[in-house]
file start_29.csv (CSV, C-alpha atoms)
chain,number,residue,atom,x,y,z
A,1000,GLN,CA,138.6,39.8,140.3
A,1001,LYS,CA,140.3,39.4,143.6
A,1002,GLU,CA,143.9,38.4,143.5
A,1003,VAL,CA,143.3,35.5,145.9
A,1004,GLU,CA,140.0,33.7,145.8
A,1005,GLN,CA,138.8,31.4,148.6
A,1006,ASP,CA,135.5,29.8,149.2
A,1007,PRO,CA,134.3,31.0,152.6
A,1008,GLY,CA,132.3,27.9,153.3
A,1009,PRO,CA,131.3,26.9,155.9
A,1010,LEU,CA,132.7,23.4,155.6
A,1011,SER,CA,131.4,20.8,158.0
A,1012,VAL,CA,133.1,17.4,158.3
A,1013,PRO,CA,133.0,14.5,160.7
A,1014,GLU,CA,135.9,13.8,163.0
A,1015,GLY,CA,138.6,11.7,161.3
A,1016,ALA,CA,137.8,13.0,157.8
A,1017,ILE,CA,140.4,14.3,155.3
A,1018,VAL,CA,139.8,18.0,154.7
A,1019,SER,CA,140.7,19.8,151.5
A,1020,LEU,CA,140.9,23.6,151.5
A,1021,ASN,CA,141.7,25.4,148.3
A,1022,CYS,CA,142.5,28.8,146.9
A,1023,THR,CA,143.2,30.2,143.5
A,1024,TYR,CA,145.2,33.2,142.6
A,1025,SER,CA,145.6,35.4,139.6
A,1026,ASN,CA,149.0,37.1,139.9
A,1027,SER,CA,151.7,34.9,138.3
A,1028,ALA,CA,154.3,36.9,140.1
A,1029,PHE,CA,153.3,35.3,143.5
A,1030,GLN,CA,156.2,33.2,144.7
A,1031,TYR,CA,155.4,32.3,148.3
A,1032,PHE,CA,152.2,31.0,149.8
A,1033,MET,CA,151.0,30.5,153.3
A,1034,TRP,CA,148.2,29.0,155.3
A,1035,TYR,CA,147.0,30.5,158.5
A,1036,ARG,CA,144.6,29.2,161.1
A,1037,GLN,CA,142.4,31.6,163.0
A,1038,TYR,CA,140.3,30.7,166.0
A,1039,SER,CA,137.4,33.0,166.9
A,1040,ARG,CA,138.5,36.3,168.4
A,1041,LYS,CA,142.2,35.4,168.1
A,1042,GLY,CA,145.0,36.4,165.8
A,1043,PRO,CA,145.9,34.2,162.8
A,1044,GLU,CA,148.5,31.5,163.4
A,1045,LEU,CA,151.0,30.5,160.7
A,1046,LEU,CA,150.5,26.9,159.8
A,1047,MET,CA,152.4,26.3,156.5
A,1048,TYR,CA,154.8,28.3,154.4
A,1049,THR,CA,155.7,27.2,150.9
A,1050,TYR,CA,158.0,28.8,148.4
A,1051,SER,CA,157.2,28.2,144.7
A,1052,SER,CA,155.6,25.0,143.6
A,1053,GLY,CA,155.5,21.7,145.4
A,1054,ASN,CA,154.3,20.0,148.5
A,1055,LYS,CA,155.2,20.5,152.1
A,1056,GLU,CA,154.1,18.2,154.9
A,1057,ASP,CA,154.0,18.9,158.7
A,1058,GLY,CA,152.3,16.3,160.8
A,1059,ARG,CA,148.6,16.0,159.7
A,1060,PHE,CA,148.9,19.0,157.4
A,1061,THR,CA,150.1,19.1,153.8
A,1062,ALA,CA,150.3,22.2,151.7
A,1063,GLN,CA,150.4,22.0,147.9
A,1064,VAL,CA,151.2,24.7,145.3
A,1065,ASP,CA,150.6,24.3,141.6
A,1066,LYS,CA,151.9,27.4,139.9
A,1067,SER,CA,150.9,26.2,136.5
A,1068,SER,CA,147.2,26.3,137.4
A,1069,LYS,CA,147.6,29.0,140.1
A,1070,TYR,CA,146.1,26.7,142.7
A,1071,ILE,CA,147.0,26.2,146.4
A,1072,SER,CA,145.7,23.6,148.7
A,1073,LEU,CA,145.8,22.6,152.4
A,1074,PHE,CA,145.0,19.0,153.4
A,1075,ILE,CA,144.2,18.0,156.9
A,1076,ARG,CA,144.3,14.3,157.7
A,1077,ASP,CA,142.5,12.7,160.6
A,1078,SER,CA,140.7,16.0,161.3
A,1079,GLN,CA,139.9,16.8,165.0
A,1080,PRO,CA,137.3,19.0,166.6
A,1081,SER,CA,140.2,21.2,167.7
A,1082,ASP,CA,140.8,21.9,164.0
A,1083,SER,CA,137.5,23.8,163.8
A,1084,ALA,CA,138.6,27.3,162.8
A,1085,THR,CA,138.9,29.7,159.9
A,1086,TYR,CA,141.7,28.9,157.5
A,1087,LEU,CA,143.2,31.7,155.5
A,1088,CYS,CA,145.4,31.3,152.5
A,1089,ALA,CA,147.8,34.1,151.5
A,1090,ALA,CA,150.2,34.8,148.7
A,1091,GLY,CA,152.9,37.3,148.0
A,1092,SER,CA,156.1,38.1,146.1
A,1093,GLY,CA,159.4,39.8,146.8
A,1094,GLY,CA,158.3,42.9,145.1
A,1095,TYR,CA,155.0,43.2,147.0
A,1096,ASN,CA,156.2,43.5,150.6
A,1097,LYS,CA,152.8,42.4,151.8
A,1098,LEU,CA,150.6,39.3,151.7
A,1099,ILE,CA,147.3,39.1,149.8
A,1100,PHE,CA,144.8,37.1,151.8
A,1101,GLY,CA,141.9,35.0,150.7
A,1102,ALA,CA,138.5,35.5,152.4
A,1103,GLY,CA,139.0,32.5,154.7
A,1104,THR,CA,137.2,29.2,154.9
A,1105,ARG,CA,135.3,28.4,158.1
A,1106,LEU,CA,135.8,24.7,159.0
A,1107,ALA,CA,133.7,22.8,161.6
A,1108,VAL,CA,134.8,19.3,162.6
A,1109,HIS,CA,132.1,17.6,164.5
A,1110,PRO,CA,132.6,14.6,166.8
B,624,GLY,CA,159.9,31.2,168.2
B,625,ALA,CA,158.1,34.2,166.7
B,626,VAL,CA,155.9,35.7,169.3
B,627,VAL,CA,154.0,38.9,168.8
B,628,SER,CA,152.0,40.6,171.5
B,629,GLN,CA,149.4,43.3,171.5
B,630,HIS,CA,148.2,45.6,174.2
B,631,PRO,CA,145.5,46.1,175.2
B,632,SER,CA,143.6,43.0,174.2
B,633,ARG,CA,140.3,44.8,174.7
B,634,VAL,CA,139.4,48.5,175.0
B,635,ILE,CA,136.2,50.4,175.3
B,636,CYS,CA,136.4,54.1,174.8
B,637,LYS,CA,134.0,57.0,174.4
B,638,SER,CA,133.4,58.7,171.0
B,639,GLY,CA,135.8,61.5,170.4
B,640,THR,CA,138.7,60.1,172.4
B,641,SER,CA,141.9,58.6,171.1
B,642,VAL,CA,143.1,55.1,171.7
B,643,LYS,CA,146.7,53.7,171.4
B,644,ILE,CA,147.4,50.0,170.6
B,645,GLU,CA,150.8,48.6,171.0
B,646,CYS,CA,152.3,45.8,169.0
B,647,ARG,CA,155.6,44.1,170.1
B,648,SER,CA,157.7,41.4,168.7
B,649,LEU,CA,158.9,39.6,171.8
B,650,ASP,CA,161.7,37.2,170.6
B,651,PHE,CA,162.8,38.7,167.3
B,652,GLN,CA,163.5,42.0,165.5
B,653,ALA,CA,161.0,43.0,162.9
B,654,THR,CA,161.9,44.8,159.7
B,655,THR,CA,158.3,45.5,158.9
B,656,MET,CA,155.1,45.5,160.8
B,657,PHE,CA,151.6,45.5,159.4
B,658,TRP,CA,148.3,46.6,160.8
B,659,TYR,CA,145.0,44.9,159.8
B,660,ARG,CA,141.4,45.4,160.6
B,661,GLN,CA,138.9,42.6,160.7
B,662,PHE,CA,135.1,42.8,160.9
B,663,PRO,CA,133.1,39.8,162.2
B,664,LYS,CA,133.2,36.8,159.8
B,665,GLN,CA,135.3,38.7,157.3
B,666,SER,CA,138.9,38.4,156.2
B,667,LEU,CA,141.8,40.6,157.1
B,668,MET,CA,141.9,44.1,155.7
B,669,LEU,CA,145.4,45.6,155.5
B,670,MET,CA,145.5,49.1,156.8
B,671,ALA,CA,149.1,50.1,156.6
B,672,THR,CA,152.7,48.8,156.4
B,673,SER,CA,155.4,50.3,158.6
B,674,ASN,CA,159.1,50.0,158.5
B,675,GLU,CA,161.2,50.9,161.5
B,676,GLY,CA,162.3,54.6,161.4
B,677,SER,CA,160.2,55.6,158.4
B,678,LYS,CA,156.7,56.7,157.7
B,679,ALA,CA,154.0,54.1,157.3
B,680,THR,CA,152.5,53.3,153.9
B,681,TYR,CA,148.7,53.4,154.1
B,682,GLU,CA,146.4,51.4,151.9
B,683,GLN,CA,144.0,53.2,149.7
B,684,GLY,CA,141.0,54.4,151.6
B,685,VAL,CA,142.7,54.4,155.0
B,686,GLU,CA,142.9,57.9,156.6
B,687,LYS,CA,146.4,58.4,157.7
B,688,ASP,CA,145.4,61.3,160.0
B,689,LYS,CA,142.9,59.1,161.8
B,690,PHE,CA,145.0,56.0,162.1
B,691,LEU,CA,148.5,57.2,163.3
B,692,ILE,CA,151.2,54.6,163.1
B,693,ASN,CA,154.6,54.9,164.8
B,694,HIS,CA,157.3,52.3,164.4
B,695,ALA,CA,159.8,53.6,166.9
B,696,SER,CA,162.0,50.5,167.2
B,697,LEU,CA,162.6,47.1,165.6
B,698,THR,CA,160.3,45.5,168.2
B,699,LEU,CA,157.5,48.1,168.7
B,700,SER,CA,154.9,49.6,166.5
B,701,THR,CA,151.9,51.6,167.7
B,702,LEU,CA,148.5,52.4,166.2
B,703,THR,CA,146.6,55.4,167.5
B,704,VAL,CA,143.0,55.7,166.5
B,705,THR,CA,142.3,59.4,166.9
B,706,SER,CA,138.9,60.9,167.6
B,707,ALA,CA,137.4,57.5,167.6
B,708,HIS,CA,133.8,57.0,166.5
B,709,PRO,CA,131.5,54.0,166.8
B,710,GLU,CA,132.2,53.0,163.2
B,711,ASP,CA,135.9,52.5,164.2
B,712,SER,CA,134.8,49.6,166.4
B,713,SER,CA,136.6,46.6,165.1
B,714,PHE,CA,139.2,43.9,165.7
B,715,TYR,CA,142.7,45.3,165.1
B,716,ILE,CA,145.5,42.9,164.5
B,717,CYS,CA,149.2,43.5,163.9
B,718,SER,CA,151.8,41.3,162.3
B,719,ALA,CA,155.5,41.4,162.0
B,720,ARG,CA,158.2,40.1,159.6
B,721,LYS,CA,161.5,38.9,160.9
B,722,ARG,CA,164.6,41.0,160.3
B,723,ASP,CA,167.3,38.3,160.3
B,724,ARG,CA,166.2,36.3,157.3
B,725,ALA,CA,166.7,38.1,153.9
B,726,TYR,CA,164.0,36.1,152.1
B,727,SER,CA,161.6,35.6,154.9
B,728,TYR,CA,158.2,36.7,154.0
B,729,GLU,CA,156.2,35.0,156.7
B,730,GLN,CA,154.1,37.3,158.9
B,731,TYR,CA,153.6,36.5,162.5
B,732,PHE,CA,150.4,37.9,164.0
B,733,GLY,CA,149.5,39.3,167.4
B,734,PRO,CA,146.4,38.1,169.3
B,735,GLY,CA,144.4,41.2,168.3
B,736,THR,CA,142.8,44.1,170.0
B,737,ARG,CA,139.0,44.5,170.2
B,738,LEU,CA,138.1,48.1,170.1
B,739,THR,CA,134.6,49.2,171.1
B,740,VAL,CA,133.7,52.9,170.7
B,741,THR,CA,130.5,53.9,172.6
call {"tool": "encode", "arguments": {"input": "start_29.csv", "output": "structure tokens"}}
result
Amino acid sequence: QKEVEQDPGPLSVPEGAIVSLNCTYSNSAFQYFMWYRQYSRKGPELLMYTYSSGNKEDGRFTAQVDKSSKYISLFIRDSQPSDSATYLCAAGSGGYNKLIFGAGTRLAVHP
Amino acid sequence: GAVVSQHPSRVICKSGTSVKIECRSLDFQATTMFWYRQFPKQSLMLMATSNEGSKATYEQGVEKDKFLINHASLTLSTLTVTSAHPEDSSFYICSARKRDRAYSYEQYFGPGTRLTVT
């Protein structure tokens, strides 16, 4: 079992839709969680960083962490074609010194 | 900001030659830098972790003699692919963690280097 599981998709939605991207993890020691966006042939860009459980909102993006169920989510409101990319979730802990990445979910937002 | 650059962005080399890729944190000092490899439509594969002034820690299955990592300063790490072969062709990406925040675990990525070995 991988430490961070993520459905690779692809996920196709119409412009304006609410997108829900999800990951599960198995290591209860994970304390911090991130979402990255990666456009084709580019490096990943940090979108959201969350420590422990709870919600964090930044513009159209909301990250949620539920440590009791080991579930992390990223919601994108009013999705735009420019949101079309691969979204990677990642988790880590202080003792790890590295991030464990999910497989990435390919999202396509069509006009 | 947290900007990481990589150079070159694209390189083509002949089999048997060595290639050096530079990773720089432009507006912050990095305690730790990471090197990843990514195949098309696949996720990131961590190759090694390097701390300034010390030897890199390689992930299982990564040949340290083939992928030489030097972290000479708090803003520069280099990856040298020695005696490159076509199977080394890939997208190589570095990332860096900031030095000035004790509990900062975010990694900031460079734009990547596409290596093609002919």
call {"tool": "residues_around", "arguments": {"input": "start_29.csv", "residues": "range 634-650 of chain B", "least_positions_apart": "4", "cutoff": "8 Å", "atoms": "only C-alpha atoms", "output": "number ranges by chain"}}
result
B: 624-630, 698-709, 717, 719, 733, 736-741
call {"tool": "closest_atom_pairs", "arguments": {"input": "start_29.csv", "of": "chain A", "to": "chain B", "cutoff": "6 Å", "atoms": "all atoms listed in the file", "output": "CSV"}}
result
residue,atom,partner,partner_atom,distance
A:Lys1041,CA,B:Pro734,CA,5.1
A:Gly1042,CA,B:Pro734,CA,4.1
A:Pro1043,CA,B:Phe732,CA,5.9
A:Ala1102,CA,B:Ser666,CA,4.8
call {"tool": "residues_around", "arguments": {"input": "start_29.csv", "residues": "Ser1025 in chain A", "least_positions_apart": "6", "cutoff": "7 Å", "atoms": "only C-alpha atoms", "output": "list in words"}}
result
Glu1002, Val1003 and Lys1069 of chain A
call {"tool": "atom_distance", "arguments": {"input": "start_29.csv", "atom1": "CA of Glu682 in chain B", "atom2": "CA of Met1047 in chain A"}}
result
26.2 Å
call {"tool": "residues_near_point", "arguments": {"input": "start_29.csv", "point": "(149.8, 28.8, 146.0)", "cutoff": "8 Å", "atoms": "all atoms listed in the file", "output": "MDAnalysis selection string"}}
result
chainID A and resid 1022:1024 1029:1033 1049 1051:1052 1063:1066 1069:1072 1089:1090
call {"tool": "write_last_selection", "arguments": {"input": "start_29.csv", "atoms": "C-alpha atoms", "output": "PDB file, in the frame of the given file"}}
result
ATOM      1  CA  CYS A1022     142.500  28.800 146.900  1.00  0.00           C
ATOM      2  CA  THR A1023     143.200  30.200 143.500  1.00  0.00           C
ATOM      3  CA  TYR A1024     145.200  33.200 142.600  1.00  0.00           C
ATOM      4  CA  PHE A1029     153.300  35.300 143.500  1.00  0.00           C
ATOM      5  CA  GLN A1030     156.200  33.200 144.700  1.00  0.00           C
ATOM      6  CA  TYR A1031     155.400  32.300 148.300  1.00  0.00           C
ATOM      7  CA  PHE A1032     152.200  31.000 149.800  1.00  0.00           C
ATOM      8  CA  MET A1033     151.000  30.500 153.300  1.00  0.00           C
ATOM      9  CA  THR A1049     155.700  27.200 150.900  1.00  0.00           C
ATOM     10  CA  SER A1051     157.200  28.200 144.700  1.00  0.00           C
ATOM     11  CA  SER A1052     155.600  25.000 143.600  1.00  0.00           C
ATOM     12  CA  GLN A1063     150.400  22.000 147.900  1.00  0.00           C
ATOM     13  CA  VAL A1064     151.200  24.700 145.300  1.00  0.00           C
ATOM     14  CA  ASP A1065     150.600  24.300 141.600  1.00  0.00           C
ATOM     15  CA  LYS A1066     151.900  27.400 139.900  1.00  0.00           C
ATOM     16  CA  LYS A1069     147.600  29.000 140.100  1.00  0.00           C
ATOM     17  CA  TYR A1070     146.100  26.700 142.700  1.00  0.00           C
ATOM     18  CA  ILE A1071     147.000  26.200 146.400  1.00  0.00           C
ATOM     19  CA  SER A1072     145.700  23.600 148.700  1.00  0.00           C
ATOM     20  CA  ALA A1089     147.800  34.100 151.500  1.00  0.00           C
ATOM     21  CA  ALA A1090     150.200  34.800 148.700  1.00  0.00           C
TER      22      ALA A1090
END
call {"tool": "atom_distance", "arguments": {"input": "start_29.csv", "atom1": "CA of Thr1104 in chain A", "atom2": "CA of Ala1016 in chain A"}}
result
16.5 Å
call {"tool": "atom_distance", "arguments": {"input": "start_29.csv", "atom1": "CA of Phe1060 in chain A", "atom2": "CA of Arg1036 in chain A"}}
result
11.7 Å
call {"tool": "closest_residue", "arguments": {"input": "start_29.csv", "among": "A:Ser1011, A:Asn1021, A:Gln1005, A:Gln1000", "to": "Asp1082 in chain A", "atoms": "only C-alpha atoms"}}
result
A:Ser1011
call {"tool": "closest_residue", "arguments": {"input": "start_29.csv", "among": "A:Gly1053, A:Pro1080, A:Gly1058, A:Pro1007", "to": "Gly1103 in chain A", "atoms": "all atoms listed in the file"}}
result
A:Pro1007
call {"tool": "decode", "arguments": {"input": "start_29.csv", "residues": "range 703-731 of chain B", "atoms": "N, CA, C and O atoms", "output": "mmCIF file, in the first residue's frame"}}
result
data_model
loop_
_atom_site.group_PDB
_atom_site.id
_atom_site.type_symbol
_atom_site.label_atom_id
_atom_site.label_comp_id
_atom_site.auth_asym_id
_atom_site.auth_seq_id
_atom_site.Cartn_x
_atom_site.Cartn_y
_atom_site.Cartn_z
ATOM 1 N N THR B 703 24.841 15.932 -11.188
ATOM 2 C CA THR B 703 25.607 15.523 -12.367
ATOM 3 C C THR B 703 25.229 14.095 -12.710
ATOM 4 O O THR B 703 25.387 13.192 -11.881
ATOM 5 N N VAL B 704 24.749 13.919 -13.919
ATOM 6 C CA VAL B 704 24.452 12.588 -14.425
ATOM 7 C C VAL B 704 25.707 12.116 -15.154
ATOM 8 O O VAL B 704 26.088 12.678 -16.191
ATOM 9 N N THR B 705 26.381 11.134 -14.600
ATOM 10 C CA THR B 705 27.645 10.683 -15.178
ATOM 11 C C THR B 705 27.406 9.534 -16.150
ATOM 12 O O THR B 705 26.504 8.711 -15.950
ATOM 13 N N SER B 706 28.209 9.518 -17.204
ATOM 14 C CA SER B 706 28.123 8.471 -18.222
ATOM 15 C C SER B 706 26.662 8.196 -18.577
ATOM 16 O O SER B 706 26.144 7.083 -18.383
ATOM 17 N N ALA B 707 26.034 9.227 -19.068
ATOM 18 C CA ALA B 707 24.590 9.142 -19.331
ATOM 19 C C ALA B 707 24.266 8.125 -20.422
ATOM 20 O O ALA B 707 25.034 7.940 -21.378
ATOM 21 N N HIS B 708 23.133 7.475 -20.267
ATOM 22 C CA HIS B 708 22.624 6.529 -21.249
ATOM 23 C C HIS B 708 21.194 6.902 -21.595
ATOM 24 O O HIS B 708 20.534 7.632 -20.849
ATOM 25 N N PRO B 709 20.693 6.400 -22.719
ATOM 26 C CA PRO B 709 19.329 6.765 -23.128
ATOM 27 C C PRO B 709 18.279 6.542 -22.045
ATOM 28 O O PRO B 709 17.325 7.316 -21.950
ATOM 29 N N GLU B 710 18.461 5.539 -21.213
ATOM 30 C CA GLU B 710 17.469 5.289 -20.148
ATOM 31 C C GLU B 710 17.479 6.360 -19.054
ATOM 32 O O GLU B 710 16.582 6.399 -18.208
ATOM 33 N N ASP B 711 18.508 7.224 -19.083
ATOM 34 C CA ASP B 711 18.546 8.349 -18.130
ATOM 35 C C ASP B 711 17.729 9.538 -18.631
ATOM 36 O O ASP B 711 17.549 10.520 -17.897
ATOM 37 N N SER B 712 17.265 9.456 -19.856
ATOM 38 C CA SER B 712 16.443 10.531 -20.402
ATOM 39 C C SER B 712 15.184 10.683 -19.548
ATOM 40 O O SER B 712 14.462 9.709 -19.315
ATOM 41 N N SER B 713 14.955 11.893 -19.092
ATOM 42 C CA SER B 713 13.832 12.122 -18.183
ATOM 43 C C SER B 713 13.715 13.605 -17.893
ATOM 44 O O SER B 713 14.499 14.415 -18.400
ATOM 45 N N PHE B 714 12.735 13.944 -17.073
ATOM 46 C CA PHE B 714 12.529 15.310 -16.594
ATOM 47 C C PHE B 714 13.050 15.342 -15.160
ATOM 48 O O PHE B 714 12.550 14.613 -14.308
ATOM 49 N N TYR B 715 14.053 16.165 -14.908
ATOM 50 C CA TYR B 715 14.646 16.258 -13.583
ATOM 51 C C TYR B 715 14.225 17.577 -12.936
ATOM 52 O O TYR B 715 14.381 18.644 -13.535
ATOM 53 N N ILE B 716 13.707 17.476 -11.727
ATOM 54 C CA ILE B 716 13.202 18.675 -11.040
ATOM 55 C C ILE B 716 13.829 18.760 -9.649
ATOM 56 O O ILE B 716 13.923 17.740 -8.956
ATOM 57 N N CYS B 717 14.231 19.962 -9.282
ATOM 58 C CA CYS B 717 14.739 20.158 -7.927
ATOM 59 C C CYS B 717 13.715 20.948 -7.115
ATOM 60 O O CYS B 717 12.833 21.607 -7.668
ATOM 61 N N SER B 718 13.842 20.855 -5.807
ATOM 62 C CA SER B 718 13.018 21.685 -4.922
ATOM 63 C C SER B 718 13.875 22.102 -3.732
ATOM 64 O O SER B 718 14.939 21.530 -3.490
ATOM 65 N N ALA B 719 13.394 23.092 -3.011
ATOM 66 C CA ALA B 719 14.156 23.617 -1.890
ATOM 67 C C ALA B 719 13.237 23.970 -0.737
ATOM 68 O O ALA B 719 12.087 24.354 -0.950
ATOM 69 N N ARG B 720 13.775 23.801 0.477
ATOM 70 C CA ARG B 720 13.051 24.224 1.679
ATOM 71 C C ARG B 720 13.727 25.452 2.246
ATOM 72 O O ARG B 720 14.948 25.539 2.269
ATOM 73 N N LYS B 721 12.939 26.387 2.755
ATOM 74 C CA LYS B 721 13.494 27.622 3.298
ATOM 75 C C LYS B 721 14.237 27.379 4.604
ATOM 76 O O LYS B 721 13.844 26.536 5.410
ATOM 77 N N ARG B 722 15.275 28.173 4.801
ATOM 78 C CA ARG B 722 16.112 28.046 5.992
ATOM 79 C C ARG B 722 15.569 28.841 7.166
ATOM 80 O O ARG B 722 15.774 28.489 8.311
ATOM 81 N N ASP B 723 14.878 29.925 6.889
ATOM 82 C CA ASP B 723 14.589 30.876 7.950
ATOM 83 C C ASP B 723 13.322 30.574 8.747
ATOM 84 O O ASP B 723 12.935 31.343 9.598
ATOM 85 N N ARG B 724 12.673 29.451 8.480
ATOM 86 C CA ARG B 724 11.472 29.105 9.219
ATOM 87 C C ARG B 724 11.646 27.707 9.797
ATOM 88 O O ARG B 724 11.713 26.738 9.074
ATOM 89 N N ALA B 725 11.688 27.619 11.116
ATOM 90 C CA ALA B 725 12.028 26.367 11.780
ATOM 91 C C ALA B 725 11.077 25.232 11.440
ATOM 92 O O ALA B 725 11.483 24.091 11.297
ATOM 93 N N TYR B 726 9.792 25.545 11.297
ATOM 94 C CA TYR B 726 8.828 24.484 11.042
ATOM 95 C C TYR B 726 8.228 24.615 9.657
ATOM 96 O O TYR B 726 7.066 24.303 9.431
ATOM 97 N N SER B 727 9.038 25.063 8.742
ATOM 98 C CA SER B 727 8.569 25.223 7.382
ATOM 99 C C SER B 727 8.925 23.978 6.591
ATOM 100 O O SER B 727 10.090 23.664 6.418
ATOM 101 N N TYR B 728 7.929 23.268 6.152
ATOM 102 C CA TYR B 728 8.179 22.038 5.417
ATOM 103 C C TYR B 728 7.784 22.128 3.953
ATOM 104 O O TYR B 728 7.905 21.160 3.219
ATOM 105 N N GLU B 729 7.317 23.321 3.559
ATOM 106 C CA GLU B 729 6.942 23.453 2.152
ATOM 107 C C GLU B 729 8.182 23.320 1.277
ATOM 108 O O GLU B 729 9.259 23.780 1.641
ATOM 109 N N GLN B 730 7.980 22.724 0.134
ATOM 110 C CA GLN B 730 9.043 22.651 -0.856
ATOM 111 C C GLN B 730 8.645 23.511 -2.053
ATOM 112 O O GLN B 730 7.504 23.456 -2.514
ATOM 113 N N TYR B 731 9.618 24.256 -2.530
ATOM 114 C CA TYR B 731 9.405 25.112 -3.694
ATOM 115 C C TYR B 731 10.212 24.528 -4.844
ATOM 116 O O TYR B 731 11.419 24.285 -4.702
#
